[in-house]
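The structure appears below as structure tokens.
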Amino acid sequence: MSALQDSLKAQGVHTLIAQFTDLHGVARGKFVPLNQLDLLLRDGVGFAGPSIWGTGLPRTGPRSEYYGRGDVLSARALPWMPGYARVVCDGFVAGEPFGACPRQVMKRQTARLAERGWVLRTGIEPEFFLLRKTADGYAPVDPRDQLLKPSYDLKSLPRQREFLKELGDGLTACGLDVFQADHEDAHGQYELNFHHADALTSADHLMLFKMAAHELAEQHGMVFSMMPKPFANQPGSGMHFHVSMWDGASSAGSTKGAKCVFDDDGSDDGDLSPLAHHFIAGVLHHSAALCALAAPTVNSYKRLTVGESISGTTWAPAYIAHGPNNRTALVRTLRGRFEWRVPDASANPYLATAAMIAAGLDGIDRQLKLSAPCTEDLFKLSLTDIRLRGFSVLPQSLNEAIDALQADEVIADALGDTLCDQFCQLKRDEWMEYARHVSGWEMARYGAMF
């Protein structure tokens with residue numbers, strides 16, 4: 001490891017950020033001196049297990065210690081934090097991979113693909129808000145960002161050019177292939193895109209994006225938010241997954257000389273392969289349970305509502321359907337890949353990906369048939385029309401989604417007993433706290449009504 005240590009030192013690095021991801025998809029970790037790199041990569045650095053969301057570890061005994069063991073390939077100097085390098089960690093307990101570590105959960109599923117010679121690649125598209133703190137909560141950081149249809153606004157976008165350039169340049173220096181940024185459909189909402197990678201690397205990249213964006217926004221006096229729907233009268237933030245699968249790709253995800261097994265042998269009509277059909281059928285079949293991982297907050301279901309958005313354009317799916325280049329469907333099919341449109345910006349990328357893989361493999365193993373494609377604009381159909389066409393509705397609350405997850409053996413098994421139990425309990429508590437909360441809307445409507 002001396003070569004890596006020497007390389008980081010030559011880049012001015014004096015401190016490592018040993019970073020892991022908790023159940024909620026939040027980056028956690030500690031600072032470690034560069035001269036402890038070998039320890040971080042060999043044994044890992046220790047954390048009090050019960051202090052981490054979702055571990056379920058005891059307060060005493062050998063299993064109370066959680067170790068973050070660094071992935072040597074992930075070490076990157078951070079341009080926005082000179083002197084610091086981030087190292088992604090896997091969770092270990094008592095010397096063994098910890099089953100409730102989200103990254104370990106995902107690695108179990110990618111290993112199932114590898115046994116068949118397949119590598120899954122994902123392109124994750126994070127949408128986010130740039131906000132300012134106000135006396136009443138939060139508001140878009142740019143008070144002039146008020147267009148009725150703000151998508152691709154080239155008045156507001158340039159006002160954030162310094163932040164977006166620093167973010168893009170920093171991520172590019174860390175190995176992400178950043179290729180565009182735009183203003184999204186809500187006031188104060190943006191999206192930054194980086195190209196596909198193998199699924200594990202893609203999730204690691206998403207976490208690095210969040211770390212960079214939080215830090216740079218703070219430096220600019222802003223609040224970076226991946227809350228799914230911060231404003232009732234504006235569209236929410238999605239985190240769409242573009243998904244393809246490859247045979248013969250390298251373990252690092254390189255597709256050189258590999259075959260895309262989701263592509264139907266190069267046909268001109270853009271059809272997906274039978275294997276892709278089975279995989280997508282599995283995703284659709286398990287969509288209710290997947291919702292719990294892809295839309296994991298109370299606020300998520302303010303985005304996944306049936307009907308039109310009050311303002312702007314909503315692209316959040318509400319119905320379990322698929323269709324060619326159909327952005328109103330849950331799955332949008334494209335040549336050699338599909339776009340999974342349920343995930344929102346609060347999703348843990350490791351858990352959402354792991355669950356999606358488990359659903360897709362179940363579809364393949366059971367040879368599930370894909371329903372007829374939908375070419376209609378689902379947002380324009382009445383609920384009667386939706387029922388006549390046989391489309392099911394996604395869970396409309398976090399509580400419903402947790403019910404679906406607990407009833408779905410395939411997805412629950414993919415998470416593992418500990419993580420599934422911890423996730424469901426924490427989310428039930430979140431729902432109960434929300435259900436008991438008396439909002440300002442309730443006081444205004446009912447306070448003097450009776």
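Every chain in the structure tokens takes a letter, A first, then B, and so on in the order presented; its residues are numbered from 1, and the ligands are numbered from 1 following the presented order.
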Excluding region 220-237 of chain A and any residue of its chain fewer than 6 positions from it, enumerate the residues within 6 Å of it, using only C-alpha atoms, and give them as a ChimeraX atom specification.
-> /A:127-132,186,214,300,303,310-311,314,344-346
Distance query Cys424 (chain A) at most 12 Å, only C-alpha atoms, self and fewer than 4 positions along chain excluded, as a PyMOL selection string | chain A and resi 23-24+54+289+292-293+296-297+398-407+412+415-420+428-431
Since we have the selection now, will you write its residues out, keeping C-alpha atoms, as a compact mmCIF listing (two decimals), in the first residue's frame?
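After the write, again15.txt holds the following:
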# COMPACT_ATOMS: atom_id res chain seq x y z
CA LEU A 23 -29.37 2.64 6.52
CA HIS A 24 -30.84 6.06 5.61
CA GLY A 54 -29.86 0.36 11.34
CA ALA A 289 -42.06 -3.66 -2.05
CA ALA A 292 -40.16 1.11 0.35
CA LEU A 293 -36.47 1.23 -0.64
CA PRO A 296 -38.16 5.58 1.79
CA THR A 297 -39.57 8.65 3.56
CA LEU A 398 -44.76 4.93 3.49
CA ASN A 399 -46.90 2.72 5.72
CA GLU A 400 -48.37 0.92 2.69
CA ALA A 401 -44.91 0.46 1.20
CA ILE A 402 -43.56 -1.10 4.41
CA ASP A 403 -46.56 -3.46 4.46
CA ALA A 404 -45.63 -4.51 0.92
CA LEU A 405 -41.96 -4.99 1.81
CA GLN A 406 -42.72 -7.19 4.80
CA ALA A 407 -45.04 -9.32 2.66
CA ALA A 412 -36.94 -9.00 2.34
CA LEU A 415 -31.96 -7.22 2.52
CA GLY A 416 -31.32 -9.86 5.16
CA ASP A 417 -33.15 -10.31 8.44
CA THR A 418 -31.29 -7.71 10.47
CA LEU A 419 -31.41 -4.89 7.99
CA CYS A 420 -34.99 -5.61 6.93
CA ARG A 428 -42.86 2.41 11.09
CA ASP A 429 -41.66 4.80 13.80
CA GLU A 430 -41.23 7.55 11.21
CA TRP A 431 -44.76 6.97 9.92
Taking the DSSP assignment computed from this structure's backbone, write out as number ranges by chain all residues of region 98-191 of chain A that belong to strand (DSSP E or B).
-> A: 118-134, 137-140, 178-183, 189-191
Residue contacts of Pro317 (chain A) (10 Å, only C-alpha atoms) excluding same-chain residues fewer than 3 positions away, as a PyMOL selection string | chain A and resi 303-307+314+320-321+327-331+340-343+378-379+393-394
Per DSSP on the backbone, filter region 204-279 of chain A down to the residues in alpha helix (DSSP H) and report them as an NGL selection string.
-> :A and (204-219 or 274-279)
Skipping near chain neighbours, those fewer than 2 positions away, what residues fall within 10 Å of Asp153 (chain A) using only C-alpha atoms, listed as a ChimeraX atom specification?
-> /A:145,147,149-151,155-158,182-185,187
Grab the residues selected above and save them as an mmCIF file, in the first residue's frame with N, CA and C atoms.
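Final output, part_27.cif:
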data_model
loop_
_atom_site.group_PDB
_atom_site.id
_atom_site.type_symbol
_atom_site.label_atom_id
_atom_site.label_comp_id
_atom_site.auth_asym_id
_atom_site.auth_seq_id
_atom_site.Cartn_x
_atom_site.Cartn_y
_atom_site.Cartn_z
ATOM 1 N N ASP A 145 -35.835 33.118 -9.208
ATOM 2 C CA ASP A 145 -36.178 31.865 -9.892
ATOM 3 C C ASP A 145 -37.680 31.615 -9.716
ATOM 4 N N LEU A 147 -40.097 31.404 -12.708
ATOM 5 C CA LEU A 147 -40.827 31.139 -13.941
ATOM 6 C C LEU A 147 -41.935 30.117 -13.712
ATOM 7 N N LYS A 149 -42.802 27.876 -15.787
ATOM 8 C CA LYS A 149 -42.268 26.602 -16.284
ATOM 9 C C LYS A 149 -40.745 26.735 -16.315
ATOM 10 N N PRO A 150 -40.083 26.422 -15.210
ATOM 11 C CA PRO A 150 -38.655 26.719 -15.096
ATOM 12 C C PRO A 150 -37.703 25.700 -15.714
ATOM 13 N N SER A 151 -38.220 24.640 -16.312
ATOM 14 C CA SER A 151 -37.340 23.632 -16.899
ATOM 15 C C SER A 151 -36.364 24.263 -17.892
ATOM 16 N N LYS A 155 -31.866 31.594 -17.402
ATOM 17 C CA LYS A 155 -31.677 32.798 -16.606
ATOM 18 C C LYS A 155 -31.200 32.424 -15.206
ATOM 19 N N SER A 156 -31.889 31.471 -14.602
ATOM 20 C CA SER A 156 -31.503 31.043 -13.251
ATOM 21 C C SER A 156 -30.254 30.166 -13.246
ATOM 22 N N LEU A 157 -30.120 29.289 -14.230
ATOM 23 C CA LEU A 157 -28.996 28.346 -14.244
ATOM 24 C C LEU A 157 -27.644 29.056 -14.165
ATOM 25 N N PRO A 158 -27.398 30.115 -14.968
ATOM 26 C CA PRO A 158 -26.087 30.763 -14.892
ATOM 27 C C PRO A 158 -25.785 31.394 -13.533
ATOM 28 N N ASP A 182 -28.389 20.862 -15.488
ATOM 29 C CA ASP A 182 -29.480 21.703 -15.973
ATOM 30 C C ASP A 182 -30.371 22.153 -14.830
ATOM 31 N N HIS A 183 -31.238 23.118 -15.134
ATOM 32 C CA HIS A 183 -32.276 23.543 -14.214
ATOM 33 C C HIS A 183 -33.469 22.628 -14.432
ATOM 34 N N GLU A 184 -34.015 22.103 -13.332
ATOM 35 C CA GLU A 184 -35.119 21.159 -13.440
ATOM 36 C C GLU A 184 -36.478 21.858 -13.353
ATOM 37 N N ASP A 185 -37.537 21.083 -13.082
ATOM 38 C CA ASP A 185 -38.911 21.541 -13.249
ATOM 39 C C ASP A 185 -39.453 22.374 -12.094
ATOM 40 N N HIS A 187 -38.708 25.435 -8.901
ATOM 41 C CA HIS A 187 -37.875 26.581 -8.552
ATOM 42 C C HIS A 187 -36.770 26.137 -7.600
#
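When only C-alpha atoms are used to compute distances to His14 (chain A), the closest of the residues A:Ala197, A:Met449, A:Leu351, A:Ala85 turns out to be A:Ala85.
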What is the CA of Leu368 (chain A) to CA of His278 (chain A) distance in Å?
-> 5.3 Å
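Nearest residue to Asp90 (chain A) among A:Pro62, A:Pro143, A:Gly175, A:Gly29 is A:Gly29, counting only C-alpha atoms.
Going from CA of Ile357 (chain A) over to CA of Pro102 (chain A), you cover 13.9 Å.
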Determine, using only C-alpha atoms, which residues of region 113-228 of chain A have any atom at most 6 Å from an atom of region 240-262 of chain A, and tabulate each with its shortest atom pair and distance in Å to one decimal place, rows ordered by chain and then rising number, as a Markdown table.
| residue | atom | partner | partner_atom | distance |
| --- | --- | --- | --- | --- |
| A:Gly117 | CA | A:Asp247 | CA | 5.8 |
| A:Trp118 | CA | A:Asp247 | CA | 4.7 |
| A:Val119 | CA | A:Trp246 | CA | 5.2 |
| A:Leu120 | CA | A:Met245 | CA | 4.4 |
| A:Arg121 | CA | A:Ser244 | CA | 5.3 |
| A:Thr122 | CA | A:Val243 | CA | 4.7 |
| A:Gly123 | CA | A:His242 | CA | 4.9 |
| A:Ile124 | CA | A:Phe241 | CA | 4.7 |
| A:Glu125 | CA | A:His240 | CA | 5.3 |
| A:Asp198 | CA | A:Gly253 | CA | 4.6 |
Okay, now the selection with C-alpha atoms, as a PDB file, in the first residue's frame?
ATOM      1  CA  GLY A 117     -21.207 -13.992 -15.776  1.00  0.00           C
ATOM      2  CA  TRP A 118     -23.205 -10.755 -15.714  1.00  0.00           C
ATOM      3  CA  VAL A 119     -22.348  -7.217 -14.666  1.00  0.00           C
ATOM      4  CA  LEU A 120     -25.100  -4.678 -14.069  1.00  0.00           C
ATOM      5  CA  ARG A 121     -24.405  -1.082 -15.043  1.00  0.00           C
ATOM      6  CA  THR A 122     -26.409   1.866 -13.768  1.00  0.00           C
ATOM      7  CA  GLY A 123     -26.551   5.546 -14.496  1.00  0.00           C
ATOM      8  CA  ILE A 124     -28.097   7.403 -11.563  1.00  0.00           C
ATOM      9  CA  GLU A 125     -29.598  10.840 -12.205  1.00  0.00           C
ATOM     10  CA  ASP A 198     -20.854  -0.855 -12.816  1.00  0.00           C
TER      11      ASP A 198
END
Among listed residues A:Leu16, A:Leu216, A:Tyr350, A:Ile386, nearest Glu162 (chain A) (using only C-alpha atoms) =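 Nearest to Glu162 (chain A): A:Leu216.
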